[in-house]
file structure37.cif (mmCIF, C-alpha atoms)
data_structure
loop_
_atom_site.group_PDB
_atom_site.id
_atom_site.type_symbol
_atom_site.label_atom_id
_atom_site.label_comp_id
_atom_site.auth_asym_id
_atom_site.auth_seq_id
_atom_site.Cartn_x
_atom_site.Cartn_y
_atom_site.Cartn_z
ATOM 1 C CA MET A 1 71.954 104.319 85.274
ATOM 2 C CA LYS A 2 75.466 104.834 84.066
ATOM 3 C CA GLY A 3 77.362 107.660 82.486
ATOM 4 C CA ASN A 4 80.847 108.477 81.348
ATOM 5 C CA GLY A 5 82.618 110.928 83.579
ATOM 6 C CA HIS A 6 85.887 111.933 85.129
ATOM 7 C CA ILE A 7 87.109 109.863 88.042
ATOM 8 C CA THR A 8 88.748 111.436 91.036
ATOM 9 C CA ALA A 9 91.696 109.279 92.005
ATOM 10 C CA ASP A 10 94.671 109.283 94.302
ATOM 11 C CA ARG A 11 97.416 108.677 91.753
ATOM 12 C CA ARG A 12 99.864 106.289 93.380
ATOM 13 C CA ALA A 13 103.501 106.190 92.392
ATOM 14 C CA GLY A 14 103.731 102.414 92.688
ATOM 15 C CA GLY A 15 100.734 101.606 90.537
ATOM 16 C CA ILE A 16 97.171 100.512 91.231
ATOM 17 C CA PRO A 17 96.951 98.235 94.295
ATOM 18 C CA THR A 18 95.596 94.734 93.782
ATOM 19 C CA VAL A 19 93.199 93.359 96.400
ATOM 20 C CA VAL A 20 93.506 89.594 96.696
ATOM 21 C CA TYR A 21 90.697 87.294 97.776
ATOM 22 C CA ARG A 22 90.856 86.282 101.444
ATOM 23 C CA PRO A 23 88.034 84.364 103.136
ATOM 24 C CA THR A 24 86.719 85.416 106.506
ATOM 25 C CA PRO A 25 88.693 83.632 109.260
ATOM 26 C CA GLY A 26 86.835 80.528 110.359
ATOM 27 C CA ARG A 27 84.831 80.237 107.147
ATOM 28 C CA PRO A 28 85.505 78.046 104.105
ATOM 29 C CA PRO A 29 86.882 79.875 101.068
ATOM 30 C CA GLY A 30 84.652 80.412 98.075
ATOM 31 C CA LEU A 31 81.965 83.015 98.682
ATOM 32 C CA GLU A 32 81.632 86.071 100.889
ATOM 33 C CA VAL A 33 78.228 87.723 101.364
ATOM 34 C CA LEU A 34 78.494 91.258 102.689
ATOM 35 C CA GLY A 35 76.677 94.523 103.049
ATOM 36 C CA LEU A 36 78.359 97.700 101.845
ATOM 37 C CA PRO A 37 79.491 98.636 105.392
ATOM 38 C CA GLY A 38 81.103 95.203 105.687
ATOM 39 C CA LEU A 39 82.847 95.653 102.349
ATOM 40 C CA ALA A 40 84.099 99.073 103.460
ATOM 41 C CA ALA A 41 85.424 97.635 106.725
ATOM 42 C CA ARG A 42 87.300 94.903 104.855
ATOM 43 C CA ALA A 43 88.793 97.493 102.528
ATOM 44 C CA VAL A 44 90.059 99.602 105.422
ATOM 45 C CA GLU A 45 91.601 96.526 107.061
ATOM 46 C CA ARG A 46 93.612 95.961 103.883
ATOM 47 C CA GLU A 47 94.594 99.624 103.625
ATOM 48 C CA THR A 48 92.699 100.002 100.355
ATOM 49 C CA PRO A 49 89.654 102.122 101.308
ATOM 50 C CA LEU A 50 86.734 102.078 98.903
ATOM 51 C CA THR A 51 87.296 105.749 98.103
ATOM 52 C CA GLN A 52 90.625 104.888 96.452
ATOM 53 C CA PRO A 53 90.999 102.969 93.175
ATOM 54 C CA ALA A 54 91.983 99.307 93.473
ATOM 55 C CA ARG A 55 91.952 96.132 91.405
ATOM 56 C CA PRO A 56 89.975 93.317 93.019
ATOM 57 C CA ALA A 57 91.482 89.959 92.069
ATOM 58 C CA PHE A 58 88.019 88.411 92.365
ATOM 59 C CA HIS A 59 84.466 88.840 91.089
ATOM 60 C CA LEU A 60 82.224 91.297 92.911
ATOM 61 C CA VAL A 61 78.467 91.414 92.303
ATOM 62 C CA LEU A 62 76.552 94.313 93.826
ATOM 63 C CA ALA A 63 72.752 94.044 94.106
ATOM 64 C CA VAL A 64 70.923 97.197 95.280
ATOM 65 C CA ARG A 65 67.497 96.787 96.850
ATOM 66 C CA ASP A 66 66.909 100.387 97.930
ATOM 67 C CA GLY A 67 68.753 103.681 97.580
ATOM 68 C CA GLN A 68 71.672 104.156 95.251
ATOM 69 C CA VAL A 69 75.438 103.642 95.148
ATOM 70 C CA ASP A 70 77.923 105.700 93.131
ATOM 71 C CA CYS A 71 81.014 103.921 91.910
ATOM 72 C CA SER A 72 83.332 103.734 88.921
ATOM 73 C CA VAL A 73 84.624 100.712 87.039
ATOM 74 C CA ASP A 74 87.591 101.575 84.843
ATOM 75 C CA PHE A 75 86.463 104.691 82.987
ATOM 76 C CA THR A 76 82.711 104.497 83.487
ATOM 77 C CA ALA A 77 80.858 106.104 86.392
ATOM 78 C CA TYR A 78 77.846 104.123 87.588
ATOM 79 C CA ARG A 79 74.903 105.165 89.704
ATOM 80 C CA VAL A 80 73.568 101.803 90.824
ATOM 81 C CA GLY A 81 69.975 102.226 91.917
ATOM 82 C CA ALA A 82 67.225 100.030 93.354
ATOM 83 C CA GLY A 83 66.778 96.961 91.159
ATOM 84 C CA ASP A 84 70.240 97.195 89.579
ATOM 85 C CA TRP A 85 72.955 94.561 89.596
ATOM 86 C CA LEU A 86 76.570 95.552 88.953
ATOM 87 C CA TRP A 87 79.161 92.892 88.146
ATOM 88 C CA VAL A 88 82.835 93.836 88.536
ATOM 89 C CA TRP A 89 85.319 91.382 87.049
ATOM 90 C CA PRO A 90 88.793 90.508 88.354
ATOM 91 C CA GLY A 91 91.423 93.007 87.300
ATOM 92 C CA GLN A 92 89.092 95.924 86.687
ATOM 93 C CA VAL A 93 89.759 99.150 88.571
ATOM 94 C CA LEU A 94 86.975 99.747 91.093
ATOM 95 C CA GLN A 95 86.356 102.854 93.166
ATOM 96 C CA PHE A 96 83.534 104.201 95.346
ATOM 97 C CA PRO A 97 84.319 107.952 95.306
ATOM 98 C CA ASP A 98 81.855 108.738 98.110
ATOM 99 C CA GLY A 99 82.376 105.570 100.113
ATOM 100 C CA PRO A 100 79.742 102.904 100.762
ATOM 101 C CA GLY A 101 76.837 105.279 101.390
ATOM 102 C CA ASP A 102 73.658 104.080 103.074
ATOM 103 C CA ALA A 103 71.951 102.054 100.335
ATOM 104 C CA ASP A 104 70.382 98.689 101.129
ATOM 105 C CA ALA A 105 72.639 96.436 99.081
ATOM 106 C CA THR A 106 74.173 92.982 99.092
ATOM 107 C CA VAL A 107 77.688 92.283 97.817
ATOM 108 C CA LEU A 108 78.777 88.839 96.603
ATOM 109 C CA VAL A 109 82.544 88.286 96.487
ATOM 110 C CA PHE A 110 83.991 85.125 94.971
ATOM 111 C CA PRO A 111 87.193 84.034 93.234
ATOM 112 C CA THR A 112 87.377 82.727 89.697
ATOM 113 C CA GLY A 113 86.714 79.006 89.757
ATOM 114 C CA PHE A 114 84.265 78.912 92.661
ATOM 115 C CA PRO A 115 81.062 78.583 90.578
ATOM 116 C CA SER A 116 80.304 75.226 88.980
ATOM 117 C CA ALA A 117 82.494 74.171 86.045
ATOM 118 C CA ALA A 118 79.703 74.774 83.532
ATOM 119 C CA THR A 119 78.941 78.191 84.996
ATOM 120 C CA ASP A 120 82.612 79.100 85.084
ATOM 121 C CA ALA A 121 82.890 78.268 81.384
ATOM 122 C CA LEU A 122 79.862 80.423 80.635
ATOM 123 C CA ILE A 123 81.381 83.288 82.608
ATOM 124 C CA ARG A 124 84.668 83.004 80.736
ATOM 125 C CA ASP A 125 82.773 82.948 77.443
ATOM 126 C CA GLY A 126 81.179 86.277 78.309
ATOM 127 C CA GLU A 127 84.158 87.918 79.984
ATOM 128 C CA HIS A 128 84.990 90.047 76.967
ATOM 129 C CA LEU A 129 81.511 91.562 76.823
ATOM 130 C CA ALA A 130 81.208 95.256 77.563
ATOM 131 C CA TYR A 131 78.434 94.850 80.099
ATOM 132 C CA ARG A 132 78.590 95.428 83.796
ATOM 133 C CA LEU A 133 75.237 96.877 84.862
ATOM 134 C CA VAL A 134 72.032 94.856 84.584
ATOM 135 C CA THR A 135 68.526 96.100 85.371
ATOM 136 C CA PRO A 136 66.148 93.131 85.187
ATOM 137 C CA GLU A 137 62.490 93.569 84.370
ATOM 138 C CA PRO A 138 60.260 93.344 87.481
ATOM 139 C CA SER A 139 59.321 89.664 87.160
ATOM 140 C CA ARG A 140 62.915 88.564 86.623
ATOM 141 C CA GLN A 141 64.110 90.886 89.373
ATOM 142 C CA ALA A 142 61.696 89.262 91.814
ATOM 143 C CA THR A 143 63.106 85.835 90.919
ATOM 144 C CA LEU A 144 66.697 87.024 91.314
ATOM 145 C CA LEU A 145 65.972 88.595 94.690
ATOM 146 C CA ARG A 146 64.343 85.389 95.931
ATOM 147 C CA LEU A 147 67.476 83.514 94.898
ATOM 148 C CA LEU A 148 69.630 86.151 96.578
ATOM 149 C CA ASP A 149 67.575 85.971 99.781
ATOM 150 C CA THR A 150 68.020 82.195 99.822
ATOM 151 C CA LEU A 151 71.750 82.554 99.218
ATOM 152 C CA VAL A 152 72.092 85.082 102.045
ATOM 153 C CA GLU A 153 70.157 82.776 104.372
ATOM 154 C CA GLU A 154 72.166 79.694 103.453
ATOM 155 C CA HIS A 155 75.441 81.600 103.778
ATOM 156 C CA ALA A 156 74.545 82.395 107.385
ATOM 157 C CA CYS A 157 73.841 78.715 108.225
ATOM 158 C CA LEU A 158 77.351 77.291 108.248
ATOM 159 C CA ALA A 159 76.600 74.933 111.141
ATOM 160 C CA ASP A 160 73.487 73.381 109.592
ATOM 161 C CA LEU A 161 75.248 71.226 106.976
ATOM 162 C CA THR A 162 78.425 69.302 106.488
ATOM 163 C CA LEU A 163 81.172 71.497 105.103
ATOM 164 C CA GLU A 164 80.995 69.835 101.685
ATOM 165 C CA ALA A 165 77.209 70.197 101.501
ATOM 166 C CA TYR A 166 77.409 73.809 102.672
ATOM 167 C CA VAL A 167 79.931 74.797 99.971
ATOM 168 C CA GLU A 168 77.962 72.989 97.251
ATOM 169 C CA THR A 169 74.746 74.712 98.323
ATOM 170 C CA LEU A 170 76.368 78.120 98.007
ATOM 171 C CA ARG A 171 77.997 77.176 94.717
ATOM 172 C CA GLY A 172 74.692 76.030 93.245
ATOM 173 C CA LEU A 173 72.708 79.104 94.286
ATOM 174 C CA LEU A 174 75.439 81.477 93.120
ATOM 175 C CA SER A 175 75.672 79.660 89.778
ATOM 176 C CA VAL A 176 71.954 80.134 89.092
ATOM 177 C CA ILE A 177 72.219 83.879 89.818
ATOM 178 C CA LEU A 178 75.270 84.277 87.596
ATOM 179 C CA ILE A 179 73.758 82.341 84.695
ATOM 180 C CA ARG A 180 70.696 84.567 84.840
ATOM 181 C CA LEU A 181 72.806 87.720 84.921
ATOM 182 C CA VAL A 182 74.880 86.585 81.942
ATOM 183 C CA HIS A 183 71.774 85.913 79.871
ATOM 184 C CA LEU A 184 70.033 89.105 80.936
ATOM 185 C CA ALA A 185 73.111 91.116 79.994
ATOM 186 C CA ASP A 186 73.583 89.394 76.645
ATOM 187 C CA PRO A 187 70.565 87.463 75.306
ATOM 188 C CA ARG A 188 72.710 86.195 72.414
ATOM 189 C CA GLN A 189 74.183 83.715 74.891
ATOM 190 C CA ARG A 190 71.050 81.633 74.300
ATOM 191 C CA THR A 191 72.036 80.893 70.721
ATOM 192 C CA ARG A 192 75.794 81.493 70.672
ATOM 193 C CA SER A 193 77.931 78.471 69.939
ATOM 194 C CA ALA A 194 80.173 77.411 72.776
ATOM 195 C CA GLY A 195 82.883 76.230 70.364
ATOM 196 C CA ARG A 196 85.165 79.210 70.747
ATOM 197 C CA GLU A 197 88.237 77.664 72.283
ATOM 198 C CA PRO A 198 90.740 79.492 70.022
ATOM 199 C CA PHE A 199 89.445 82.888 71.094
ATOM 200 C CA GLN A 200 89.243 81.951 74.772
ATOM 201 C CA ARG A 201 92.824 80.698 74.756
ATOM 202 C CA PHE A 202 93.942 83.773 72.857
ATOM 203 C CA ARG A 203 92.143 86.093 75.265
ATOM 204 C CA GLN A 204 93.838 84.466 78.250
ATOM 205 C CA ALA A 205 97.232 84.552 76.564
ATOM 206 C CA VAL A 206 96.863 88.256 75.807
ATOM 207 C CA GLU A 207 95.843 88.937 79.395
ATOM 208 C CA GLU A 208 98.998 87.235 80.614
ATOM 209 C CA GLY A 209 101.369 88.515 77.932
ATOM 210 C CA PHE A 210 100.289 91.915 76.594
ATOM 211 C CA ALA A 211 103.125 93.613 78.486
ATOM 212 C CA ARG A 212 105.656 91.416 76.677
ATOM 213 C CA THR A 213 104.417 91.258 73.092
ATOM 214 C CA HIS A 214 101.811 92.944 70.910
ATOM 215 C CA ARG A 215 102.262 90.628 67.916
ATOM 216 C CA VAL A 216 99.517 88.246 66.804
ATOM 217 C CA GLU A 217 102.212 85.962 65.392
ATOM 218 C CA ASP A 218 103.762 85.481 68.843
ATOM 219 C CA TYR A 219 100.455 84.414 70.389
ATOM 220 C CA ALA A 220 99.726 82.134 67.435
ATOM 221 C CA ALA A 221 103.062 80.382 67.876
ATOM 222 C CA GLN A 222 102.519 80.085 71.636
ATOM 223 C CA LEU A 223 99.042 78.564 71.248
ATOM 224 C CA GLY A 224 99.655 76.407 68.170
ATOM 225 C CA TYR A 225 97.269 78.277 65.872
ATOM 226 C CA SER A 226 97.882 80.283 62.736
ATOM 227 C CA PRO A 227 97.534 84.083 62.941
ATOM 228 C CA ARG A 228 94.637 83.779 60.512
ATOM 229 C CA THR A 229 92.817 81.365 62.838
ATOM 230 C CA LEU A 230 93.175 83.759 65.779
ATOM 231 C CA THR A 231 91.956 86.653 63.659
ATOM 232 C CA ARG A 232 88.907 84.697 62.490
ATOM 233 C CA ALA A 233 88.118 83.542 66.033
ATOM 234 C CA THR A 234 88.416 87.055 67.454
ATOM 235 C CA ARG A 235 86.321 88.538 64.689
ATOM 236 C CA ALA A 236 83.614 85.929 65.266
ATOM 237 C CA ALA A 237 83.580 86.677 68.993
ATOM 238 C CA LEU A 238 83.951 90.451 68.974
ATOM 239 C CA GLY A 239 83.686 91.748 65.437
ATOM 240 C CA CYS A 240 87.303 92.940 65.378
ATOM 241 C CA GLY A 241 90.623 91.372 64.424
ATOM 242 C CA ALA A 242 93.208 89.832 66.736
ATOM 243 C CA LYS A 243 95.620 92.764 66.419
ATOM 244 C CA ARG A 244 92.880 95.223 67.349
ATOM 245 C CA TYR A 245 92.056 93.111 70.390
ATOM 246 C CA ILE A 246 95.681 93.203 71.577
ATOM 247 C CA ASP A 247 95.953 96.948 70.991
ATOM 248 C CA ASP A 248 92.697 97.591 72.858
ATOM 249 C CA ARG A 249 93.966 95.625 75.862
ATOM 250 C CA VAL A 250 97.260 97.528 75.871
ATOM 251 C CA LEU A 251 95.401 100.831 75.575
ATOM 252 C CA LEU A 252 93.053 99.949 78.445
ATOM 253 C CA GLU A 253 95.979 99.242 80.762
ATOM 254 C CA ALA A 254 97.777 102.417 79.719
ATOM 255 C CA LYS A 255 94.666 104.496 80.442
ATOM 256 C CA ARG A 256 94.216 102.853 83.833
ATOM 257 C CA LEU A 257 97.779 103.711 84.824
ATOM 258 C CA LEU A 258 97.608 107.249 83.467
ATOM 259 C CA ILE A 259 94.420 108.001 85.396
ATOM 260 C CA HIS A 260 95.021 106.149 88.625
ATOM 261 C CA THR A 261 98.780 106.473 89.208
ATOM 262 C CA SER A 262 101.483 109.131 89.124
ATOM 263 C CA LEU A 263 103.825 106.989 87.034
ATOM 264 C CA SER A 264 105.463 108.886 84.207
ATOM 265 C CA PRO A 265 104.250 108.186 80.651
ATOM 266 C CA ALA A 266 107.646 106.643 79.926
ATOM 267 C CA ALA A 267 107.302 104.241 82.879
ATOM 268 C CA ILE A 268 103.740 103.383 81.859
ATOM 269 C CA GLY A 269 104.859 102.711 78.304
ATOM 270 C CA GLU A 270 107.466 100.308 79.618
ATOM 271 C CA ARG A 271 104.886 98.540 81.775
ATOM 272 C CA VAL A 272 102.640 97.908 78.781
ATOM 273 C CA GLY A 273 105.397 96.633 76.533
ATOM 274 C CA PHE A 274 107.021 99.601 74.771
ATOM 275 C CA ALA A 275 110.792 99.854 74.903
ATOM 276 C CA TYR A 276 110.845 103.494 73.825
ATOM 277 C CA PRO A 277 108.674 106.370 75.122
ATOM 278 C CA THR A 278 108.325 107.832 71.629
ATOM 279 C CA VAL A 279 106.855 104.588 70.316
ATOM 280 C CA PHE A 280 104.370 104.435 73.198
ATOM 281 C CA SER A 281 103.389 108.066 72.645
ATOM 282 C CA ALA A 282 102.857 107.456 68.923
ATOM 283 C CA PHE A 283 100.741 104.352 69.677
ATOM 284 C CA PHE A 284 98.620 106.222 72.211
ATOM 285 C CA ARG A 285 98.105 109.199 69.907
ATOM 286 C CA GLN A 286 97.149 106.913 67.022
ATOM 287 C CA HIS A 287 94.392 105.277 69.069
ATOM 288 C CA THR A 288 93.110 108.250 71.079
ATOM 289 C CA GLY A 289 94.099 111.370 69.166
ATOM 290 C CA MET A 290 95.985 112.584 72.262
ATOM 291 C CA THR A 291 99.396 112.133 73.785
ATOM 292 C CA PRO A 292 99.524 110.272 77.113
ATOM 293 C CA THR A 293 100.274 113.556 78.891
ATOM 294 C CA THR A 294 97.278 115.290 77.312
ATOM 295 C CA PHE A 295 94.996 112.360 78.144
ATOM 296 C CA ARG A 296 96.087 112.490 81.777
ATOM 297 C CA SER A 297 95.537 116.249 81.970
ATOM 298 C CA VAL A 298 92.001 116.154 80.532
ATOM 299 C CA THR A 299 90.912 113.342 82.884
ATOM 300 C CA LYS A 300 92.339 115.047 85.966
ATOM 301 C CA HIS A 301 90.209 117.340 88.094
#

call {"tool": "encode", "arguments": {"input": "structure37.cif", "output": "structure tokens"}}
result
Amino acid sequence: MKGNGHITADRRAGGIPTVVYRPTPGRPPGLEVLGLPGLAARAVERETPLTQPARPAFHLVLAVRDGQVDCSVDFTAYRVGAGDWLWVWPGQVLQFPDGPGDADATVLVFPTGFPSAATDALIRDGEHLAYRLVTPEPSRQATLLRLLDTLVEEHACLADLTLEAYVETLRGLLSVILIRLVHLADPRQRTRSAGREPFQRFRQAVEEGFARTHRVEDYAAQLGYSPRTLTRATRAALGCGAKRYIDDRVLLEAKRLLIHTSLSPAAIGERVGFAYPTVFSAFFRQHTGMTPTTFRSVTKH
């Protein structure tokens, strides 16, 4: 299950640390299959323990077979129980407040671009969706666990195949699991048109440029579309306009920094593209009903 709640965090003066993808020495890059203790050990090696907030620069899929795991993704606290699958996307702020615990769970870690091209496109098409936790019905869960068992087994058999065949085997099995998770999380994927290039390009441009500009016109000029086209494409994908999408992305980043760092509101405003603290404060109050300082105080234990 999941629930909104406060997140205990070590607020760091330098910002939220980013954890880059690094393959295990001696193994080909692409996919890591770990248990929670293994994930915790990797985190300690990189001086970003699971108990502290960090931004993975890779996808992380957590499948729990038995027990439960408490974690938070951005501003939502999750209790991931037996039969649940949690998908954390690159750039989100992930934290395990109580550490890895003792649940029986498998963690899949992979960088963007490792799944097949068709699967990668499907993932990008669903990246904006507000889903992270999936609880399949029993029959579908049994299928997913069989696929996961096969993936775990094949991952352990590096010496059995040529390197190319080994990587393609992992890529294929992972792609099937991800496609199923996408469709379980959002059944509309079965009928949604894939012709949404304007929105996908806009989404990527905003991700790369929201700290520089908040104007739809600037993104339209950069991408070669009219502002009206971007607004229509965003509304078709999300039900909101292009300007709202930009503002929501700016607000998300501001909240992340207010909760998880000790940066001043003025410094945070500058990081998300506001030249003046008063303008940032007015923007934040308009969208949340609170000043940045008040928001930080009510989310702090």

call {"tool": "resolve_selection", "arguments": {"input": "structure37.cif", "expression": "the PyMOL selection byres ((chain A and resi 108) around 8)", "output": "mmCIF file with C-alpha atoms, in the frame of the given file"}}
result
data_model
loop_
_atom_site.group_PDB
_atom_site.id
_atom_site.type_symbol
_atom_site.label_atom_id
_atom_site.label_comp_id
_atom_site.auth_asym_id
_atom_site.auth_seq_id
_atom_site.Cartn_x
_atom_site.Cartn_y
_atom_site.Cartn_z
ATOM 1 C CA LEU A 31 81.965 83.015 98.682
ATOM 2 C CA GLU A 32 81.632 86.071 100.889
ATOM 3 C CA VAL A 33 78.228 87.723 101.364
ATOM 4 C CA LEU A 34 78.494 91.258 102.689
ATOM 5 C CA HIS A 59 84.466 88.840 91.089
ATOM 6 C CA LEU A 60 82.224 91.297 92.911
ATOM 7 C CA VAL A 61 78.467 91.414 92.303
ATOM 8 C CA LEU A 62 76.552 94.313 93.826
ATOM 9 C CA THR A 106 74.173 92.982 99.092
ATOM 10 C CA VAL A 107 77.688 92.283 97.817
ATOM 11 C CA VAL A 109 82.544 88.286 96.487
ATOM 12 C CA PHE A 110 83.991 85.125 94.971
#

call {"tool": "resolve_selection", "arguments": {"input": "structure37.cif", "expression": "the PyMOL selection byres ((chain A and resi 264) around 12)", "output": "PDB file with C-alpha atoms, in the frame of the given file"}}
result
ATOM      1  CA  ARG A  11      97.416 108.677  91.753  1.00  0.00           C
ATOM      2  CA  ARG A  12      99.864 106.289  93.380  1.00  0.00           C
ATOM      3  CA  ALA A  13     103.501 106.190  92.392  1.00  0.00           C
ATOM      4  CA  GLY A  14     103.731 102.414  92.688  1.00  0.00           C
ATOM      5  CA  GLY A  15     100.734 101.606  90.537  1.00  0.00           C
ATOM      6  CA  ALA A 254      97.777 102.417  79.719  1.00  0.00           C
ATOM      7  CA  LEU A 257      97.779 103.711  84.824  1.00  0.00           C
ATOM      8  CA  LEU A 258      97.608 107.249  83.467  1.00  0.00           C
ATOM      9  CA  ILE A 259      94.420 108.001  85.396  1.00  0.00           C
ATOM     10  CA  HIS A 260      95.021 106.149  88.625  1.00  0.00           C
ATOM     11  CA  THR A 261      98.780 106.473  89.208  1.00  0.00           C
ATOM     12  CA  SER A 262     101.483 109.131  89.124  1.00  0.00           C
ATOM     13  CA  LEU A 263     103.825 106.989  87.034  1.00  0.00           C
ATOM     14  CA  PRO A 265     104.250 108.186  80.651  1.00  0.00           C
ATOM     15  CA  ALA A 266     107.646 106.643  79.926  1.00  0.00           C
ATOM     16  CA  ALA A 267     107.302 104.241  82.879  1.00  0.00           C
ATOM     17  CA  ILE A 268     103.740 103.383  81.859  1.00  0.00           C
ATOM     18  CA  GLY A 269     104.859 102.711  78.304  1.00  0.00           C
ATOM     19  CA  GLU A 270     107.466 100.308  79.618  1.00  0.00           C
ATOM     20  CA  ARG A 271     104.886  98.540  81.775  1.00  0.00           C
ATOM     21  CA  PRO A 277     108.674 106.370  75.122  1.00  0.00           C
ATOM     22  CA  PHE A 280     104.370 104.435  73.198  1.00  0.00           C
ATOM     23  CA  SER A 281     103.389 108.066  72.645  1.00  0.00           C
ATOM     24  CA  PRO A 292      99.524 110.272  77.113  1.00  0.00           C
ATOM     25  CA  THR A 293     100.274 113.556  78.891  1.00  0.00           C
ATOM     26  CA  ARG A 296      96.087 112.490  81.777  1.00  0.00           C
TER      27      ARG A 296
END

call {"tool": "resolve_selection", "arguments": {"input": "structure37.cif", "expression": "the PyMOL selection byres ((chain A and resi 17) around 7)", "output": "ChimeraX atom specification"}}
result
/A:15-16,18-19,54-55

call {"tool": "residues_around", "arguments": {"input": "structure37.cif", "residues": "Pro136 in chain A", "least_positions_apart": "5", "cutoff": "10 Å", "atoms": "only C-alpha atoms", "output": "ChimeraX atom specification"}}
result
/A:83-85,141-144,180-181,184-185

call {"tool": "atom_distance", "arguments": {"input": "structure37.cif", "atom1": "CA of His287 in chain A", "atom2": "CA of Pro227 in chain A"}}
result
22.3 Å

call {"tool": "atom_distance", "arguments": {"input": "structure37.cif", "atom1": "CA of Thr169 in chain A", "atom2": "CA of Pro111 in chain A"}}
result
16.4 Å

call {"tool": "closest_residue", "arguments": {"input": "structure37.cif", "among": "A:Ala236, A:Ala211, A:Val80, A:Leu161", "to": "Leu252 in chain A", "atoms": "only C-alpha atoms"}}
result
A:Ala211

call {"tool": "atom_distance", "arguments": {"input": "structure37.cif", "atom1": "CA of Val216 in chain A", "atom2": "CA of Ala282 in chain A"}}
result
19.6 Å

call {"tool": "closest_residue", "arguments": {"input": "structure37.cif", "among": "A:Gly273, A:Ile179, A:Ala43, A:Ala105", "to": "Val152 in chain A", "atoms": "only C-alpha atoms"}}
result
A:Ala105

call {"tool": "residues_around", "arguments": {"input": "structure37.cif", "residues": "Gly172 in chain A", "least_positions_apart": "5", "cutoff": "9 Å", "atoms": "only C-alpha atoms", "output": "list in words"}}
result
Pro115, Ser116, Val167 and Ile177 of chain A

call {"tool": "write_last_selection", "arguments": {"input": "structure37.cif", "atoms": "C-alpha atoms", "output": "PDB file, in the coordinates of the input"}}
result
ATOM      1  CA  PRO A 115      81.062  78.583  90.578  1.00  0.00           C
ATOM      2  CA  SER A 116      80.304  75.226  88.980  1.00  0.00           C
ATOM      3  CA  VAL A 167      79.931  74.797  99.971  1.00  0.00           C
ATOM      4  CA  ILE A 177      72.219  83.879  89.818  1.00  0.00           C
TER       5      ILE A 177
END

call {"tool": "closest_residue", "arguments": {"input": "structure37.cif", "among": "A:Thr229, A:Gln92, A:Thr213, A:Ser175", "to": "Arg201 in chain A", "atoms": "only C-alpha atoms"}}
result
A:Thr229

call {"tool": "residues_around", "arguments": {"input": "structure37.cif", "residues": "range 197-200 of chain A", "least_positions_apart": "3", "cutoff": "9 Å", "atoms": "all atoms listed in the file", "output": "mmCIF file with C-alpha atoms, in the frame of the given file"}}
result
data_model
loop_
_atom_site.group_PDB
_atom_site.id
_atom_site.type_symbol
_atom_site.label_atom_id
_atom_site.label_comp_id
_atom_site.auth_asym_id
_atom_site.auth_seq_id
_atom_site.Cartn_x
_atom_site.Cartn_y
_atom_site.Cartn_z
ATOM 1 C CA ARG A 124 84.668 83.004 80.736
ATOM 2 C CA ASP A 125 82.773 82.948 77.443
ATOM 3 C CA ALA A 194 80.173 77.411 72.776
ATOM 4 C CA ARG A 203 92.143 86.093 75.265
ATOM 5 C CA GLN A 204 93.838 84.466 78.250
ATOM 6 C CA ALA A 205 97.232 84.552 76.564
ATOM 7 C CA LEU A 223 99.042 78.564 71.248
ATOM 8 C CA TYR A 225 97.269 78.277 65.872
ATOM 9 C CA THR A 229 92.817 81.365 62.838
ATOM 10 C CA LEU A 230 93.175 83.759 65.779
ATOM 11 C CA THR A 231 91.956 86.653 63.659
ATOM 12 C CA ARG A 232 88.907 84.697 62.490
ATOM 13 C CA ALA A 233 88.118 83.542 66.033
ATOM 14 C CA THR A 234 88.416 87.055 67.454
ATOM 15 C CA ALA A 236 83.614 85.929 65.266
ATOM 16 C CA ALA A 237 83.580 86.677 68.993
#

call {"tool": "residues_around", "arguments": {"input": "structure37.cif", "residues": "Glu45 in chain A", "least_positions_apart": "5", "cutoff": "12 Å", "atoms": "only C-alpha atoms", "output": "JSON, numbers by chain"}}
result
{"A": [19, 22, 38, 39, 40, 50]}
